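Enquirer: One file: data.cif (mmCIF, C-alpha atoms).
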data_upload
#
loop_
_atom_site.label_atom_id
_atom_site.label_comp_id
_atom_site.auth_asym_id
_atom_site.auth_seq_id
_atom_site.Cartn_x
_atom_site.Cartn_y
_atom_site.Cartn_z
CA MET A 87 26.48 7.72 31.17
CA ASP A 88 27.90 10.81 32.91
CA SER A 89 29.10 12.83 29.91
CA VAL A 90 29.55 12.56 26.17
CA ILE A 91 31.60 14.43 23.58
CA ILE A 92 29.33 15.46 20.71
CA ARG A 93 30.84 14.87 17.27
CA LYS A 94 29.46 16.00 13.92
CA PRO A 95 30.15 12.66 12.13
CA ASN A 96 28.03 10.93 14.79
CA TRP A 97 25.09 13.31 14.52
CA ILE A 98 25.25 13.02 10.72
CA MET A 99 25.04 9.24 11.16
CA PHE A 100 22.00 9.79 13.39
CA ALA A 101 20.41 12.15 10.85
CA ASP A 102 21.03 9.68 8.02
CA SER A 103 19.49 6.84 10.03
CA VAL A 104 16.17 8.67 10.53
CA GLY A 105 16.09 10.54 7.21
CA ASP A 106 16.74 14.04 8.58
CA ARG A 107 18.13 16.12 5.68
CA GLN A 108 18.09 19.50 7.45
CA GLU A 109 21.10 21.40 6.08
CA ILE A 110 21.63 23.49 9.23
CA HIS A 111 23.00 20.29 10.78
CA ARG A 112 25.05 19.28 7.72
CA ASP A 113 26.49 22.09 5.62
CA MET A 114 25.74 25.74 6.35
CA SER A 115 26.92 26.73 2.87
CA ASN A 116 23.74 25.13 1.52
CA VAL A 117 21.48 27.24 3.77
CA SER A 118 19.96 30.39 2.33
CA PRO A 119 21.64 33.64 3.49
CA GLU A 120 18.35 35.02 4.83
CA ILE A 121 17.99 32.08 7.21
CA VAL A 122 21.65 32.23 8.24
CA GLU A 123 21.37 35.93 9.02
CA GLY A 124 17.84 35.86 10.43
CA TYR A 125 18.58 33.04 12.86
CA GLY A 126 22.09 34.12 13.75
CA LEU A 127 23.63 30.87 12.51
CA THR A 128 27.40 30.55 12.59
CA LYS A 129 28.10 26.86 11.98
CA GLU A 130 26.40 23.48 11.86
CA PHE A 131 24.94 22.24 15.14
CA ALA A 132 23.54 18.96 16.45
CA PRO A 133 19.83 18.08 16.07
CA GLY A 134 17.89 18.36 19.32
CA MET A 135 16.51 14.85 18.94
CA TYR A 136 20.07 13.53 18.70
CA ILE A 137 20.95 15.08 22.06
CA ALA A 138 17.72 13.81 23.64
CA SER A 139 18.36 10.31 22.27
CA PHE A 140 21.21 9.85 24.74
CA ILE A 141 18.53 8.87 27.26
CA GLN A 142 18.11 5.68 25.24
CA GLY A 143 20.72 3.35 26.71
CA TRP A 144 19.64 -0.24 26.32
CA PRO A 145 16.56 -0.36 28.61
CA CYS A 146 13.31 -0.16 26.67
CA ILE A 147 11.69 3.27 26.82
CA GLN A 148 7.89 3.18 26.89
CA GLY A 149 7.31 6.89 26.70
CA VAL A 150 8.54 10.43 27.29
CA LYS A 151 6.26 13.16 28.61
CA SER A 152 8.23 16.01 27.10
CA MET A 153 11.55 16.73 25.42
CA LYS A 154 12.25 20.44 25.67
CA PHE A 155 14.79 21.72 23.17
CA ARG A 156 16.30 24.85 24.62
CA PRO A 157 17.70 27.57 22.33
CA LYS A 158 21.27 26.56 23.19
CA ARG A 159 22.94 25.04 20.13
CA VAL A 160 25.33 22.14 20.60
CA TYR A 161 28.41 22.13 18.38
CA ASP A 162 31.08 19.67 17.30
CA GLY A 163 33.40 18.97 20.24
CA ASP A 164 31.04 20.16 22.98
CA VAL A 165 31.08 18.07 26.14
CA ILE A 166 27.57 17.38 27.43
CA ARG A 167 26.92 16.10 30.93
CA VAL A 168 23.87 13.85 31.28
CA VAL A 169 22.14 14.20 34.65
CA ALA A 170 19.39 11.72 35.63
CA LEU A 171 16.95 12.67 38.38
CA PRO A 172 13.88 10.89 39.84
CA ASN A 173 10.66 12.50 38.65
CA VAL A 174 8.83 14.05 41.60
CA VAL A 175 5.39 13.11 40.25
CA GLY A 176 5.60 9.41 39.47
CA LYS A 177 7.70 6.40 38.60
CA SER A 178 9.73 8.00 35.85
CA ILE A 179 13.08 9.69 35.31
CA ASP A 180 13.95 13.25 34.28
CA TYR A 181 17.13 14.00 32.35
CA ARG A 182 19.01 17.25 32.05
CA PHE A 183 21.74 17.81 29.46
CA GLU A 184 24.31 20.36 30.60
CA ARG A 185 27.19 22.13 28.87
CA GLY A 186 29.18 23.70 31.64
CA GLU A 187 26.67 25.57 33.77
CA GLU A 188 23.99 25.92 31.09
CA THR A 189 21.21 23.45 30.27
CA VAL A 190 20.84 22.67 26.57
CA CYS A 191 17.96 20.16 26.74
CA ASP A 192 15.45 18.78 29.26
CA VAL A 193 13.77 15.39 28.92
CA VAL A 194 10.95 15.01 31.43
CA GLY A 195 8.96 11.96 32.50
CA VAL A 196 10.85 9.08 30.89
CA ARG A 197 9.06 5.79 31.54
CA MET A 198 10.99 2.58 31.11
CA GLY A 199 9.36 -0.66 29.96
CA GLY A 200 7.74 -2.23 26.94
CA PRO A 201 4.91 -0.74 24.85
CA ASP A 202 1.72 -0.08 26.84
CA GLY A 203 -0.54 -2.12 24.50
CA LYS A 204 -3.16 0.64 24.13
CA GLU A 205 -5.25 0.57 20.97
CA ILE A 206 -5.43 4.13 19.62
CA LYS A 207 -7.79 5.17 16.85
CA GLN A 208 -6.14 6.74 13.85
CA MET A 209 -6.76 10.49 13.74
CA LYS A 210 -9.42 11.66 11.32
CA GLU A 211 -8.04 15.09 10.46
CA VAL A 212 -4.57 14.54 9.01
CA TYR A 213 -2.66 17.61 7.85
CA HIS A 214 0.30 15.67 6.52
CA GLU A 215 1.48 12.08 6.08
CA TYR A 216 5.18 11.30 6.00
CA ASN A 217 6.31 7.84 4.91
CA ALA A 218 9.59 6.17 5.83
CA GLU A 219 11.14 2.73 5.62
CA ILE A 220 12.41 0.96 8.73
CA ARG A 221 15.56 -1.01 7.90
CA PRO A 222 17.85 -2.93 10.30
CA SER A 223 20.86 -1.03 8.96
CA ASP A 224 19.25 2.31 9.87
CA VAL A 225 18.46 1.13 13.40
CA ASN A 226 22.05 -0.01 13.82
CA TYR A 227 23.37 3.32 12.48
CA PHE A 228 21.18 5.09 15.03
CA LEU A 229 22.61 3.02 17.88
CA ARG A 230 26.17 3.45 16.62
CA SER A 231 25.70 7.23 16.46
CA LEU A 232 25.08 7.12 20.23
CA GLY A 233 28.10 4.91 20.87
CA TYR A 234 26.31 1.57 21.26
CA CYS A 235 27.58 -1.59 19.59
CA ILE A 236 24.27 -3.45 19.69
CA GLU A 237 22.84 -5.33 16.74
CA ASP A 238 19.16 -5.65 15.80
CA GLY A 239 17.73 -3.51 18.58
CA ARG A 240 14.36 -1.77 18.59
CA PRO A 241 15.08 1.55 20.34
CA ASN A 242 11.97 3.68 20.60
CA MET A 243 13.96 6.91 20.42
CA PHE A 244 14.79 5.86 16.86
CA LEU A 245 11.08 5.77 16.08
CA ALA A 246 10.40 9.02 17.93
CA SER A 247 13.20 10.75 16.01
CA HIS A 248 11.26 10.38 12.76
CA SER A 249 9.19 13.33 14.00
CA GLY A 250 11.93 15.74 12.87
CA PRO A 251 11.97 14.80 9.17
CA ALA A 252 8.17 14.46 9.21
CA LEU A 253 7.74 18.01 10.52
CA LEU A 254 10.38 19.30 8.09
CA ASP A 255 8.61 17.60 5.19
CA TYR A 256 5.31 19.18 6.26
CA ALA A 257 6.94 22.63 6.57
CA GLU A 258 8.43 22.36 3.08
CA LYS A 259 5.03 21.36 1.71
CA GLU A 260 3.53 24.48 3.30
CA GLY A 261 6.34 26.69 2.02
CA VAL A 262 7.80 27.41 5.47
CA LYS A 263 11.53 28.20 5.24
CA GLY A 264 12.56 28.03 8.88
CA GLY A 265 11.38 27.06 12.33
CA PHE A 266 12.29 25.78 15.75
CA HIS A 267 11.44 22.30 17.08
CA ALA A 268 10.48 23.34 20.61
CA THR A 269 9.04 20.25 22.35
CA GLN A 270 8.31 16.61 21.67
CA GLY A 271 6.33 13.93 23.52
CA PHE A 272 6.13 10.24 22.69
CA ASN A 273 4.28 7.10 23.81
CA SER A 274 4.91 3.58 22.50
CA HIS A 275 1.82 1.38 22.15
CA PHE A 276 3.07 -1.61 20.12
CA PRO A 277 6.48 -2.82 18.91
CA TYR A 278 7.57 -1.72 15.46
CA GLY A 279 9.15 -3.91 12.83
CA ASN A 280 10.98 -3.55 9.56
CA GLY A 281 9.09 -2.04 6.65
CA LEU A 282 7.00 1.02 5.90
CA ILE A 283 5.80 3.38 8.62
CA SER A 284 3.69 6.49 8.27
CA VAL A 285 4.03 9.50 10.55
CA LEU A 286 0.76 11.43 10.69
CA ILE A 287 0.58 15.11 11.65
CA GLY A 288 -2.75 16.66 12.56
CA ASP A 289 -5.03 18.30 15.12
CA GLY A 290 -2.93 21.44 15.32
CA ASN A 291 -3.45 24.53 17.41
CA SER A 292 -1.40 27.69 17.85
CA ARG A 293 -0.38 29.63 20.92
CA LYS A 294 1.13 33.10 20.86
CA GLY A 295 3.74 34.08 23.41
CA LYS A 296 6.01 37.03 24.06
CA LYS A 297 8.70 35.71 21.74
CA GLY A 298 6.66 34.25 18.90
CA GLU A 299 4.03 31.73 17.97
CA LEU A 300 4.10 28.03 18.75
CA GLN A 301 2.17 25.54 16.64
CA THR A 302 1.35 22.28 18.40
CA TYR A 303 0.49 19.10 16.52
CA HIS A 304 -0.80 15.70 17.49
CA MET A 305 1.32 12.97 15.91
CA GLN A 306 0.84 9.26 15.27
CA TRP A 307 3.19 6.58 14.00
CA VAL A 308 1.30 3.95 11.97
CA GLN A 309 2.51 0.56 10.78
CA ASN A 310 0.35 -2.14 9.19
CA ASN A 311 -2.78 -0.01 9.76
CA ARG A 312 -2.17 0.12 13.52
CA VAL A 313 -1.16 3.14 15.59
CA ILE A 314 2.05 1.90 17.18
CA ALA A 315 2.99 5.20 18.86
CA SER A 316 1.56 8.64 19.47
CA GLY A 317 2.65 12.00 20.82
CA ARG A 318 2.68 15.74 20.39
CA ALA A 319 5.20 18.20 19.01
CA SER A 320 5.40 21.97 19.03
CA VAL A 321 7.26 24.07 16.48
CA GLY A 322 7.52 27.74 15.79
CA VAL A 323 9.42 30.53 14.10
CA LEU A 324 11.05 31.99 17.17
CA GLU A 325 13.83 34.20 15.84
CA GLU A 326 14.43 36.04 19.12
CA ILE A 327 14.85 32.78 21.02
CA LEU A 328 17.09 31.28 18.36
CA LYS A 329 19.36 34.31 18.36
CA GLU A 330 19.84 33.87 22.10
CA GLY A 331 21.24 30.40 21.46
CA ASP A 332 24.70 31.43 20.23
#
Write the structure described by the file as structure tokens, please.

Expert:
Amino acid sequence: MDSVIIRKPNWIMFADSVGDRQEIHRDMSNVSPEIVEGYGLTKEFAPGMYIASFIQGWPCIQGVKSMKFRPKRVYDGDVIRVVALPNVVGKSIDYRFERGEETVCDVVGVRMGGPDGKEIKQMKEVYHEYNAEIRPSDVNYFLRSLGYCIEDGRPNMFLASHSGPALLDYAEKEGVKGGFHATQGFNSHFPYGNGLISVLIGDGNSRKGKKGELQTYHMQWVQNNRVIASGRASVGVLEEILKEGD
């Protein structure tokens, strides 16, 4: 895939498939004026995980070292060029998503292949548990949102994309009104199936930088009392960075 035209109906299909109800991607009229003004929002834009999910293709993805969501918002009708490069460190692939001469997202260290089969102990200190239902229709909607006409797949980017609604659910529980999904990592350990999954958020630590504070969390995806995937995500209220994105 060399380039793709980003369309709002497709990213809404993606958001529906993974349970992402964030209004900044759907209808800006439902977003509070203080967030619209504070973050310099002008119109709805695509979720970062939707853009990153274009690495999926049909080959099985075992893991991703880091998805870096730059403060460059992607809008309806934008043409994004997908550039694949060999990773200089190991046997993996790096992807860069470009709009014109600017990079809107980096996905580093993508490893192809099946789950690694590692048994991971469930974390003891859980800050938040988010539950979701895996249905074949949702998986197919996810694939269709990316332009694939494949039935009954098991794309791991679909599983990884449940991090967004899980983090949003946790933020709402804590009374946080806005934030920025900065990075995401993901490793698949065992195949997932239909039915209930739990996304666990825990083991957090914060890091202050020049433009705000980042909160990093360890995450686990659990199904049938087994950790089927794990990773880390960082979020933060980075108003200065977000304002640069327009």

Enquirer: Counting only C-alpha atoms, which residue out of A:Arg185, A:His275, A:Lys151, A:Arg107 sits closest to Gly200 (chain A)?

Expert: A:His275

Enquirer: Using Å and a single decimal, report how far CA of Ile206 (chain A) sits from CA of Gly279 (chain A).

Expert: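 Computing it gives 18.0 Å between the two atoms.
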
Enquirer: When the PyMOL selection byres ((chain A and resi 242-257) around 7) is applied to the file above, which residues end up in the set, as a PyMOL selection string?

Expert: chain A and resi 104-106+135+139+142+147+214+216+225+228+240-241+258-262+272+285

Enquirer: Please write the residues from the selection above to a file, keeping C-alpha atoms, as a short mmCIF file (atom, residue, chain, number, x, y, z; two decimals), in the frame of the given file.

Expert:
data_model
loop_
_atom_site.label_atom_id
_atom_site.label_comp_id
_atom_site.auth_asym_id
_atom_site.auth_seq_id
_atom_site.Cartn_x
_atom_site.Cartn_y
_atom_site.Cartn_z
CA VAL A 104 16.17 8.67 10.53
CA GLY A 105 16.09 10.54 7.21
CA ASP A 106 16.74 14.04 8.58
CA MET A 135 16.51 14.85 18.94
CA SER A 139 18.36 10.31 22.27
CA GLN A 142 18.11 5.68 25.24
CA ILE A 147 11.69 3.27 26.82
CA HIS A 214 0.30 15.67 6.52
CA TYR A 216 5.18 11.30 6.00
CA VAL A 225 18.46 1.13 13.40
CA PHE A 228 21.18 5.09 15.03
CA ARG A 240 14.36 -1.77 18.59
CA PRO A 241 15.08 1.55 20.34
CA GLU A 258 8.43 22.36 3.08
CA LYS A 259 5.03 21.36 1.71
CA GLU A 260 3.53 24.48 3.30
CA GLY A 261 6.34 26.69 2.02
CA VAL A 262 7.80 27.41 5.47
CA PHE A 272 6.13 10.24 22.69
CA VAL A 285 4.03 9.50 10.55
#

Enquirer: I would like the residues chosen by the PyMOL selection byres ((chain A and resi 209) around 9) on the shown file; could you give them as number ranges by chain?

Expert: A: 206-208, 210-212, 286-289, 304-306

Enquirer: Measure the distance from CA of Ser103 (chain A) to CA of Arg156 (chain A) in Å and round it to one decimal.

Expert: 23.4 Å

Enquirer: Using the chain letters and numbering of this document, enumerate as a list in words the residues selected by the PyMOL selection byres ((chain A and resi 291) around 12).

Expert: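 This file gives the following for the PyMOL selection byres ((chain A and resi 291) around 12): Tyr213, Ile287, Gly288, Asp289, Gly290, Ser292, Arg293, Lys294, Glu299, Leu300, Gln301, Thr302, Tyr303, His304, Arg318, Ala319, Ser320, Val321 and Gly322 of chain A.
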
Enquirer: Which distance in Å separates CA of Val165 (chain A) and CA of Tyr181 (chain A), to one decimal?

Expert: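 These atoms are spaced 15.8 Å apart.
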
Enquirer: Which polymer residues, whether protein, DNA or RNA, lie within 9 Å of the coordinate (2.6, 5.7, 8.8) when you count all atoms listed in the file? List them as a ChimeraX atom specification, using the chain letters and numbers from the file.

Expert: /A:215-218,282-286,306-313

Enquirer: Please write the residues from the selection above to a file, keeping C-alpha atoms, as a compact mmCIF listing (two decimals), in the frame of the given file.

Expert:
# COMPACT_ATOMS: atom_id res chain seq x y z
CA GLU A 215 1.48 12.08 6.08
CA TYR A 216 5.18 11.30 6.00
CA ASN A 217 6.31 7.84 4.91
CA ALA A 218 9.59 6.17 5.83
CA LEU A 282 7.00 1.02 5.90
CA ILE A 283 5.80 3.38 8.62
CA SER A 284 3.69 6.49 8.27
CA VAL A 285 4.03 9.50 10.55
CA LEU A 286 0.76 11.43 10.69
CA GLN A 306 0.84 9.26 15.27
CA TRP A 307 3.19 6.58 14.00
CA VAL A 308 1.30 3.95 11.97
CA GLN A 309 2.51 0.56 10.78
CA ASN A 310 0.35 -2.14 9.19
CA ASN A 311 -2.78 -0.01 9.76
CA ARG A 312 -2.17 0.12 13.52
CA VAL A 313 -1.16 3.14 15.59

Enquirer: Skip Glu184 (chain A) itself and residues of its chain fewer than 6 positions away, then list as a compact mmCIF listing (two decimals) with C-alpha atoms, in the coordinates of the input all residues within 10 Å of it, counting all atoms listed in the file.

Expert:
# COMPACT_ATOMS: atom_id res chain seq x y z
CA SER A 89 29.10 12.83 29.91
CA VAL A 165 31.08 18.07 26.14
CA ILE A 166 27.57 17.38 27.43
CA ARG A 167 26.92 16.10 30.93
CA VAL A 168 23.87 13.85 31.28
CA VAL A 169 22.14 14.20 34.65
CA VAL A 190 20.84 22.67 26.57
CA CYS A 191 17.96 20.16 26.74
CA ASP A 192 15.45 18.78 29.26

Enquirer: Need the shell around Gly163 (chain A): protein/DNA/RNA residues with any atom at most 9 Å away, counting all atoms listed in the file. Skip same-chain ones fewer than 4 positions apart. Format as a PyMOL selection string?

Expert: chain A and resi 91-94

Enquirer: Please fill the gaps in region 240-267 of chain A so it has N, CA and C atoms, and write that as a compact mmCIF listing (two decimals), keeping the file's coordinate frame.

Expert:
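New file part.txt:
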# COMPACT_ATOMS: atom_id res chain seq x y z
N ARG A 240 15.58 -2.47 18.96
CA ARG A 240 14.36 -1.77 18.59
C ARG A 240 14.19 -0.57 19.52
N PRO A 241 15.15 0.38 19.45
CA PRO A 241 15.08 1.55 20.34
C PRO A 241 13.94 2.48 19.95
N ASN A 242 13.11 2.83 20.92
CA ASN A 242 11.97 3.68 20.60
C ASN A 242 12.36 5.13 20.31
N MET A 243 13.53 5.56 20.78
CA MET A 243 13.96 6.91 20.42
C MET A 243 14.27 7.00 18.93
N PHE A 244 14.62 5.88 18.31
CA PHE A 244 14.79 5.86 16.86
C PHE A 244 13.47 6.16 16.18
N LEU A 245 12.40 5.52 16.65
CA LEU A 245 11.08 5.77 16.08
C LEU A 245 10.64 7.20 16.34
N ALA A 246 10.82 7.67 17.58
CA ALA A 246 10.40 9.02 17.93
C ALA A 246 11.13 10.06 17.11
N SER A 247 12.38 9.77 16.74
CA SER A 247 13.20 10.75 16.01
C SER A 247 12.75 10.96 14.58
N HIS A 248 11.83 10.14 14.09
CA HIS A 248 11.26 10.38 12.76
C HIS A 248 10.32 11.59 12.76
N SER A 249 10.03 12.13 13.94
CA SER A 249 9.19 13.33 14.00
C SER A 249 9.87 14.51 13.31
N GLY A 250 11.20 14.61 13.47
CA GLY A 250 11.93 15.74 12.87
C GLY A 250 11.77 15.81 11.36
N PRO A 251 12.15 14.75 10.62
CA PRO A 251 11.97 14.80 9.17
C PRO A 251 10.51 14.91 8.74
N ALA A 252 9.59 14.35 9.54
CA ALA A 252 8.17 14.46 9.21
C ALA A 252 7.71 15.92 9.30
N LEU A 253 8.11 16.61 10.37
CA LEU A 253 7.74 18.01 10.52
C LEU A 253 8.42 18.88 9.47
N LEU A 254 9.67 18.56 9.13
CA LEU A 254 10.38 19.30 8.09
C LEU A 254 9.70 19.12 6.74
N ASP A 255 9.29 17.90 6.45
CA ASP A 255 8.61 17.60 5.19
C ASP A 255 7.29 18.37 5.10
N TYR A 256 6.57 18.45 6.22
CA TYR A 256 5.31 19.18 6.26
C TYR A 256 5.56 20.67 6.06
N ALA A 257 6.62 21.21 6.71
CA ALA A 257 6.94 22.63 6.57
C ALA A 257 7.28 22.97 5.13
N GLU A 258 8.06 22.11 4.48
CA GLU A 258 8.43 22.36 3.08
C GLU A 258 7.20 22.33 2.18
N LYS A 259 6.27 21.43 2.47
CA LYS A 259 5.03 21.36 1.71
C LYS A 259 4.23 22.67 1.84
N GLU A 260 4.28 23.25 3.05
CA GLU A 260 3.53 24.48 3.30
C GLU A 260 4.30 25.73 2.91
N GLY A 261 5.55 25.55 2.44
CA GLY A 261 6.34 26.69 2.02
C GLY A 261 6.99 27.45 3.16
N VAL A 262 7.17 26.78 4.31
CA VAL A 262 7.80 27.41 5.47
C VAL A 262 9.31 27.21 5.36
N LYS A 263 10.08 28.29 5.45
CA LYS A 263 11.53 28.20 5.24
C LYS A 263 12.31 27.88 6.49
N GLY A 264 11.81 28.26 7.65
CA GLY A 264 12.56 28.03 8.88
C GLY A 264 11.66 27.88 10.08
N GLY A 265 12.17 27.24 11.12
CA GLY A 265 11.38 27.06 12.33
C GLY A 265 12.22 26.46 13.43
N PHE A 266 11.60 26.26 14.56
CA PHE A 266 12.29 25.78 15.75
C PHE A 266 11.47 24.65 16.37
N HIS A 267 12.08 23.45 16.44
CA HIS A 267 11.44 22.30 17.08
C HIS A 267 11.54 22.51 18.58
